[in-house]
Amino acid sequence: VRDERPIHYRIFGMAKELEREGKPVIHMEFGDPYVEVDPEIVHSMCMSALSGHTHYSQPAGLDEFRERLAEHVNKRFSTSFSPSNVVVTPGSKIAGYLAIRALARPGEKIALVSPIWGVYYALLREAGVEAVDIRTSFESGWVPDEEAVHEAVERGVKAIIVNNPNNPTSVVLSREVVRAVAEIAGERGVYVIADEVYLDFPRGGFYSFLETGYENVVALYSFSKSYAMTGFRLGYAVADERVISEMTRLLQLYFTNVPEFIQHAGMRALEMPWVVERVTRTMWGRTDFLASELRRLGFEFVYPQGAFYVFAKVPSPWRSGAEFCEALIREKYVSPAPGEGFGGYSGFVRFSATAGIEVLREAVERIRSFLEEHGG
Ligand SMILES: Cc1ncc(COP(=O)(O)O)c(C=O)c1O
């Protein structure tokens, strides 16, 4: 079996190896917000398990939870989804995979707007689906060009994956761009798989693909980022009933269902919007700190608007993100993610502002001395 894991898994492996040797590694390659999960959410999970919610359950998720999720989405986006438009998944990554499997057969094509969370390439490969890249550029602010989207649609893709707000660039697409993409997709009835897991992080408003009114949208959401509940493995998808029912069929086959006590924790979280506020405010503070420090060190990037990543140009003398990251890990034990892992953007590197400010401060100091030692 060929090891086709994304390149940042290799970088992560290097970092882990150094950590095992006792080196003080600072991880900047993850998207896991280091914020404690609200104890009330943990408490509701425990109470649920203690009161016997420890059995097999409905594959699509508890009726009550799907009802709450539909209400949550409807309230936010003025839509009219019902529980049958919702499937609860063990994290949104799986929701993405199930959507791919539901929309395309092996040998068919799905487009993605890149740079994008590299796992999508691996998921497409795993499903035997050909990836059609819609590339964007730093110069255009990482905004997709309408003509390029059009070309992809004309190549007969079954869907377009758009991650907005974006990992790794933290760019938020405007209402106009979202509407234009939906309209172009609509010309051929192509689905949009809208990964909107960072929806709560934009500071200047967010326009969802669900708000376009385009019916062929599969929107993906997660409790991982907004509530810092990465370890709970809880996400959901919203789409038309046909797609939801196919995703549910696959989910039942692979996972049976998301544990009820995890769903109860999610239900409690939905009642606590102040948790989202706390997490997002914390992450903005960290992101602003990191972005302004990196700018001071001379890094160039589009200022993060909607997620907690800084996607910066690789400074000279390094020729690629992988080269930069490997040197930085080896010499300073700081581990960012190379741009290669997000669709082959080898001139870039992604720094995550997920750690606390003190850790980020230490990371910046090490990066500063790294640059100085290399004549920066
Ligand atoms: C863009 C994007 N989508 C989905 C996920 C997966 O999140 P989860 O499976 O924890 O819901 C991540 C995690 O980093 C992500 O960055």
# chains A, B, ... in the order shown; residues from 1 in each chain; ligands from 1
call {"tool": "closest_atom_pairs", "arguments": {"of": "range 180-220 of chain A", "to": "range 80-101 of chain A", "cutoff": "9 Å", "atoms": "only C-alpha atoms", "output": "JSON lines"}}
result
{"residue": "A:Ile193", "atom": "CA", "partner": "A:Ala99", "partner_atom": "CA", "distance": 7.4}
{"residue": "A:Asp195", "atom": "CA", "partner": "A:Gly96", "partner_atom": "CA", "distance": 7.8}
{"residue": "A:Val197", "atom": "CA", "partner": "A:Ser92", "partner_atom": "CA", "distance": 7.7}
{"residue": "A:Val218", "atom": "CA", "partner": "A:Ala99", "partner_atom": "CA", "distance": 7.2}
{"residue": "A:Leu220", "atom": "CA", "partner": "A:Ser92", "partner_atom": "CA", "distance": 6.2}
call {"tool": "select_by_dssp", "arguments": {"residues": "range 312-345 of chain A", "states": "strand (DSSP E or B)", "output": "ChimeraX atom specification"}}
result
/A:312-313,334-335,337-338
call {"tool": "write_last_selection", "arguments": {"atoms": "N, CA and C atoms", "output": "PDB file, in the first residue's frame"}}
result
ATOM      1  N   ALA A 312       1.472  32.448   4.967  1.00  0.00           N
ATOM      2  CA  ALA A 312       2.477  33.442   4.580  1.00  0.00           C
ATOM      3  C   ALA A 312       3.397  32.933   3.473  1.00  0.00           C
ATOM      4  N   LYS A 313       3.956  33.891   2.730  1.00  0.00           N
ATOM      5  CA  LYS A 313       4.947  33.523   1.717  1.00  0.00           C
ATOM      6  C   LYS A 313       6.196  33.004   2.416  1.00  0.00           C
ATOM      7  N   VAL A 334      10.028  24.465  16.053  1.00  0.00           N
ATOM      8  CA  VAL A 334       8.735  25.093  15.782  1.00  0.00           C
ATOM      9  C   VAL A 334       8.180  24.447  14.522  1.00  0.00           C
ATOM     10  N   SER A 335       6.933  24.005  14.606  1.00  0.00           N
ATOM     11  CA  SER A 335       6.411  23.149  13.542  1.00  0.00           C
ATOM     12  C   SER A 335       5.163  23.730  12.861  1.00  0.00           C
ATOM     13  N   ALA A 337       2.903  24.274   9.040  1.00  0.00           N
ATOM     14  CA  ALA A 337       2.510  23.339   7.981  1.00  0.00           C
ATOM     15  C   ALA A 337       2.897  23.912   6.616  1.00  0.00           C
ATOM     16  N   PRO A 338       3.567  23.126   5.785  1.00  0.00           N
ATOM     17  CA  PRO A 338       3.991  23.640   4.475  1.00  0.00           C
ATOM     18  C   PRO A 338       2.816  23.819   3.515  1.00  0.00           C
TER      19      PRO A 338
END
call {"tool": "closest_residue", "arguments": {"among": "A:Val171, A:Met45, A:Val177, A:Ile244", "to": "Phe261 in chain A", "atoms": "only C-alpha atoms"}}
result
A:Met45
call {"tool": "residues_near_ligand", "arguments": {"ligand": "ligand 1", "cutoff": "7 Å", "atoms": "only C-alpha atoms and all ligand atoms", "output": "ChimeraX atom specification"}}
result
/A:31-32,91-94,117,163,166-167,195,197,221-224,230,233-235
call {"tool": "closest_residue", "arguments": {"among": "A:Arg76, A:Glu17, A:Gly61, A:Ala102", "to": "Thr256 in chain A", "atoms": "only C-alpha atoms"}}
result
A:Gly61
call {"tool": "closest_residue", "arguments": {"among": "A:Phe342, A:Glu293, A:Met267, A:Gly205", "to": "Glu67 in chain A", "atoms": "only C-alpha atoms"}}
result
A:Met267
call {"tool": "select_by_dssp", "arguments": {"residues": "range 110-186 of chain A", "states": "helix (DSSP H, G or I)", "output": "list in words"}}
result
Val119, Tyr120, Tyr121, Ala122, Leu123, Leu124, Arg125, Glu126, Glu146, Glu147, Ala148, Val149, His150, Glu151, Ala152, Val153, Glu154, Arg175, Glu176, Val177, Val178, Arg179, Ala180, Val181, Ala182, Glu183, Ile184, Ala185 and Gly186 of chain A
call {"tool": "atom_distance", "arguments": {"atom1": "CA of Lys332 in chain A", "atom2": "CA of Ile116 in chain A"}}
result
27.0 Å
call {"tool": "atom_distance", "arguments": {"atom1": "CA of Asp38 in chain A", "atom2": "CA of Tyr227 in chain A"}}
result
8.1 Å
call {"tool": "closest_residue", "arguments": {"among": "A:Arg296, A:Lys225, A:His72, A:Arg366", "to": "Arg330 in chain A", "atoms": "only C-alpha atoms"}}
result
A:Arg366
call {"tool": "decode", "arguments": {"residues": "range 65-86 of chain A", "atoms": "N, CA and C atoms", "output": "compact mmCIF listing (two decimals), in the first residue's frame"}}
result
# COMPACT_ATOMS: atom_id res chain seq x y z
N PHE A 65 -32.16 16.34 18.35
CA PHE A 65 -30.93 17.08 18.01
C PHE A 65 -31.00 17.62 16.59
N ARG A 66 -31.50 16.80 15.67
CA ARG A 66 -31.59 17.27 14.27
C ARG A 66 -32.60 18.42 14.17
N GLU A 67 -33.63 18.35 14.99
CA GLU A 67 -34.60 19.45 15.01
C GLU A 67 -33.93 20.74 15.48
N ARG A 68 -33.15 20.61 16.55
CA ARG A 68 -32.45 21.79 17.09
C ARG A 68 -31.43 22.32 16.08
N LEU A 69 -30.76 21.39 15.39
CA LEU A 69 -29.76 21.83 14.42
C LEU A 69 -30.42 22.54 13.24
N ALA A 70 -31.56 21.98 12.79
CA ALA A 70 -32.29 22.63 11.69
C ALA A 70 -32.73 24.03 12.13
N GLU A 71 -33.25 24.13 13.35
CA GLU A 71 -33.67 25.45 13.88
C GLU A 71 -32.49 26.42 13.96
N HIS A 72 -31.37 25.90 14.42
CA HIS A 72 -30.15 26.70 14.58
C HIS A 72 -29.75 27.30 13.22
N VAL A 73 -29.73 26.45 12.20
CA VAL A 73 -29.34 26.89 10.86
C VAL A 73 -30.39 27.85 10.30
N ASN A 74 -31.67 27.51 10.48
CA ASN A 74 -32.75 28.34 9.94
C ASN A 74 -32.74 29.75 10.55
N LYS A 75 -32.49 29.79 11.85
CA LYS A 75 -32.47 31.07 12.54
C LYS A 75 -31.32 31.93 12.01
N ARG A 76 -30.20 31.28 11.83
CA ARG A 76 -29.01 32.02 11.42
C ARG A 76 -29.08 32.49 9.97
N PHE A 77 -29.60 31.61 9.09
CA PHE A 77 -29.53 31.92 7.66
C PHE A 77 -30.91 32.17 7.02
N SER A 78 -31.94 32.30 7.84
CA SER A 78 -33.30 32.52 7.32
C SER A 78 -33.67 31.48 6.27
N THR A 79 -33.40 30.23 6.58
CA THR A 79 -33.74 29.14 5.67
C THR A 79 -34.91 28.36 6.26
N SER A 80 -35.35 27.30 5.57
CA SER A 80 -36.49 26.54 6.12
C SER A 80 -36.22 25.04 6.05
N PHE A 81 -35.10 24.64 6.60
CA PHE A 81 -34.75 23.21 6.61
C PHE A 81 -35.51 22.49 7.71
N SER A 82 -35.78 21.21 7.45
CA SER A 82 -36.41 20.39 8.48
C SER A 82 -35.39 19.35 8.95
N PRO A 83 -35.71 18.61 10.03
CA PRO A 83 -34.74 17.62 10.53
C PRO A 83 -34.31 16.62 9.45
N SER A 84 -35.18 16.37 8.49
CA SER A 84 -34.81 15.40 7.44
C SER A 84 -33.76 15.95 6.48
N ASN A 85 -33.40 17.23 6.65
CA ASN A 85 -32.32 17.82 5.86
C ASN A 85 -30.99 17.80 6.61
N VAL A 86 -30.97 17.10 7.75
CA VAL A 86 -29.77 17.14 8.60
C VAL A 86 -29.29 15.72 8.90
